[in-house]
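**Q** This structure is in structure tokens; I'll ask about it shortly.
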Amino acid sequence: MNGQLKVPTMAEYMAEGKQPEILFWVGSAGSYDDRAKKITKAFVKLLNNANVDFAVLGAEESNTGDVAKRAGNEFLFQMQAFMNIEVLNAYEVKRIVTCDPHSFNCIKNEYPSLGGDYNVIHHTQYIKELIDTGRLSVKGDTYKGKRITFHDPCYLGRANSEFDSPRTVLGKSNATLVEMKKSKNFAMCCGAGGAQMFKDAEPGNKEVNVLRTEQALKTTPDIIATGCPYCNTMMTDGIKAKEKEESVIVLDVAEVIANSL
């Protein structure tokens with residue numbers, strides 16, 4: 001698959017004296033986590049398919065500092081943020097697209113006060129834009145007759161009030177969208193947000209991700225879709241805990257659309 005994917009870097013664009021339409025912020029999960037790398041590849045496939053002029057920072061991209069901030073280490077957050085802002089401003093980056101709601105929220109809402117002002121969009125919003133402008137056409141037979149329930153990532157939904165784009169995009173797959181009882185503003189967290197991903201569970205009688213997975217399974221879905229690499233991990237673990245791997249799969253919105261091309 002790598003052979004067919006074109007992923008230019010900002011340094012390459014700069015060398016040619018050109019600016020891409022967007023900078024694709026890959027994020028730590030999308031760069032290092034084996035499952036999340038598949039989401040990155042699916043999104044790049046969509047960008048290539050729509051002939052989007054995009055670039056990545058490559059080795060110049062560092063962690064946004066989001067996890068450090070949530071865990072209470074403001075000093076480390078600012079160090080990481082300033083480093084990234086310096087790189088982004090040097091490249092005169094205007095528009096940033098990312099598949100990670102945590103990076104999205106952090107760069108969009110917390111970088112401006114540190115001197116990093118950009119137009120930041122989540123990949124589901126950008127995919128919707130590509131479909132709306134006719135740059136990306138979805139066939140929509142792959143998931144016809146399948147039931148998809150969408151799990152709202154906290155940092156996309158409740159924190160940034162973006163509920164429609166992922167649902168509109170999923171609708172293009174011609175699948176049947178089924179809502180969980182707790183969705184949109186009332187959606188429950190997958191259990192990984194706020195740096196919880198990297199610490200042990202609190203005392204209690206059930207893991208948060210298992211509870212959320214149970215809510216999803218009540219909709220009898222074929223697919224649980226989400227728009228966050230961390231939600232993807234948590235819901236996948238939930239499916240394993242419920243021993244439903246045979247009948248239910250967890251996919252990112254980008255993967256659903258990439259599979260529908």
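By convention here, the chains of the structure tokens are called A, B, ... in the order presented, each chain's residues are numbered starting at 1, and ligands are numbered starting at 1 in the order presented.
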What's around A:Lys172 at 12 Å? Count only C-alpha atoms, leave out sequence neighbours fewer than 5 positions away in its own chain, and write the answer as a list of chain:residue names.
**A** A:Ile127, A:Lys128, A:Ile131, A:Asp132, A:Leu136, A:Ser137, A:Val138, A:Lys139, A:Gly140, A:Asp141, A:Thr142, A:Tyr143, A:Lys144, A:Ile148, A:Ser165, A:Pro166, A:Arg167, A:Leu177, A:Val253, A:Ala254, A:Val256, A:Ile257, A:Ala258, A:Asn259, A:Ser260, A:Leu261
**Q** Write out as a ChimeraX atom specification which residues come within 6 Å of stretch 149-153 of chain A when counting only C-alpha atoms, dropping same-chain ones fewer than 2 positions away.
**A** /A:155-157,177-179,224-226
**Q** Hey, can you spit out that residue selection with N, CA, C and O atoms as an mmCIF file, in the first residue's frame?
**A**
```
data_model
loop_
_atom_site.group_PDB
_atom_site.id
_atom_site.type_symbol
_atom_site.label_atom_id
_atom_site.label_comp_id
_atom_site.auth_asym_id
_atom_site.auth_seq_id
_atom_site.Cartn_x
_atom_site.Cartn_y
_atom_site.Cartn_z
ATOM 1 N N TYR A 155 -13.411 15.259 22.649
ATOM 2 C CA TYR A 155 -12.736 16.496 22.262
ATOM 3 C C TYR A 155 -13.199 17.020 20.904
ATOM 4 O O TYR A 155 -12.864 18.126 20.520
ATOM 5 N N LEU A 156 -13.978 16.222 20.197
ATOM 6 C CA LEU A 156 -14.569 16.693 18.941
ATOM 7 C C LEU A 156 -15.997 17.153 19.234
ATOM 8 O O LEU A 156 -16.392 18.243 18.856
ATOM 9 N N GLY A 157 -16.737 16.298 19.925
ATOM 10 C CA GLY A 157 -18.145 16.565 20.202
ATOM 11 C C GLY A 157 -18.372 17.579 21.302
ATOM 12 O O GLY A 157 -18.559 18.770 21.049
ATOM 13 N N LEU A 177 -27.497 4.496 9.806
ATOM 14 C CA LEU A 177 -26.903 5.076 11.009
ATOM 15 C C LEU A 177 -27.856 4.891 12.184
ATOM 16 O O LEU A 177 -29.021 5.283 12.108
ATOM 17 N N VAL A 178 -27.346 4.279 13.243
ATOM 18 C CA VAL A 178 -28.173 4.079 14.436
ATOM 19 C C VAL A 178 -27.511 4.790 15.611
ATOM 20 O O VAL A 178 -26.312 4.630 15.845
ATOM 21 N N GLU A 179 -28.283 5.609 16.326
ATOM 22 C CA GLU A 179 -27.716 6.391 17.431
ATOM 23 C C GLU A 179 -27.800 5.635 18.756
ATOM 24 O O GLU A 179 -28.810 4.986 19.046
ATOM 25 N N ILE A 224 -18.861 -0.086 14.738
ATOM 26 C CA ILE A 224 -18.828 1.078 15.623
ATOM 27 C C ILE A 224 -17.825 2.020 14.974
ATOM 28 O O ILE A 224 -16.651 1.675 14.806
ATOM 29 N N ALA A 225 -18.303 3.186 14.569
ATOM 30 C CA ALA A 225 -17.412 4.154 13.921
ATOM 31 C C ALA A 225 -17.032 5.233 14.922
ATOM 32 O O ALA A 225 -17.815 5.581 15.809
ATOM 33 N N THR A 226 -15.812 5.759 14.765
ATOM 34 C CA THR A 226 -15.400 6.880 15.600
ATOM 35 C C THR A 226 -14.443 7.751 14.802
ATOM 36 O O THR A 226 -14.114 7.434 13.660
#
```
**Q** Write out as number ranges by chain all residues of stretch 63-216 of chain A that backbone DSSP assigns to alpha helix (DSSP H).
**A** A: 66-70, 74-90, 101-109, 123-132, 164-171, 208-216
**Q** Which of these, A:Arg135, A:Lys108, A:Arg212, A:Lys206, has the shortest distance to A:Ile121 once you count only C-alpha atoms?
**A**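 Counting only C-alpha atoms, the residue closest to A:Ile121 is A:Lys108.
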**Q** Find the residues of stretch 84-142 of chain A that sit at most 12 Å from stretch 231-241 of chain A; for each, write down the nearest two atoms and how far apart they are in Å, to one decimal. Count only C-alpha atoms. Sort by chain, then by number going up, and give it as a Markdown table.
**A**
```
| residue | atom | partner | partner_atom | distance |
| --- | --- | --- | --- | --- |
| A:Cys99 | CA | A:Asn232 | CA | 11.6 |
| A:Asp100 | CA | A:Cys231 | CA | 9.8 |
| A:Pro101 | CA | A:Cys231 | CA | 9.9 |
| A:His102 | CA | A:Cys231 | CA | 10.9 |
```
**Q** Give me, as a ChimeraX atom specification, all polymer residues having an atom no more than 7 Å from A:Ala195, counting only C-alpha atoms and skipping those fewer than 5 positions away in the same chain.
**A** /A:67,70-71
**Q** Which residues come within 8 Å of stretch 73-82 of chain A, counting only C-alpha atoms, excluding same-chain residues fewer than 6 positions away, as number ranges by chain?
**A** A: 62-67, 111, 114
**Q** Could you please write out, as a list in words, every residue of stretch 77-170 of chain A that DSSP assigns to strand (DSSP E)?
**A**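 Going through stretch 77-170 of chain A, the strand (DSSP E) residues come out as Arg95, Ile96, Val97, Thr98, Asn119, Val120, Ile121, His122, Arg147, Ile148, Thr149 and Phe150 of chain A.
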**Q** For stretch 88-97 of chain A, work out the shell of residues within 7 Å, counting only C-alpha atoms and skipping chain neighbours fewer than 6 positions away, then give it as number ranges by chain.
**A** A: 22-25, 118-123
**Q** Selected residues, C-alpha atoms, written as a PDB file, in the first residue's frame, please.
**A**
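selection.pdb was written with the following content:
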```pdb
ATOM      1  CA  ILE A  22      -3.237  21.957   4.095  1.00  0.00           C
ATOM      2  CA  LEU A  23      -0.756  20.622   6.600  1.00  0.00           C
ATOM      3  CA  PHE A  24      -1.757  17.136   7.745  1.00  0.00           C
ATOM      4  CA  TRP A  25      -0.913  16.882  11.459  1.00  0.00           C
ATOM      5  CA  TYR A 118      -4.121  28.484  12.613  1.00  0.00           C
ATOM      6  CA  ASN A 119      -7.299  27.351  10.933  1.00  0.00           C
ATOM      7  CA  VAL A 120      -7.586  23.867  12.475  1.00  0.00           C
ATOM      8  CA  ILE A 121     -10.009  21.256  11.133  1.00  0.00           C
ATOM      9  CA  HIS A 122     -10.803  17.708  12.120  1.00  0.00           C
ATOM     10  CA  HIS A 123     -10.472  15.146   9.345  1.00  0.00           C
TER      11      HIS A 123
END
```
**Q** Find, counting only C-alpha atoms, the residue in A:Ile223, A:Ala159, A:Val250, A:Leu5 that gets nearest to A:Ala42.
**A** A:Leu5
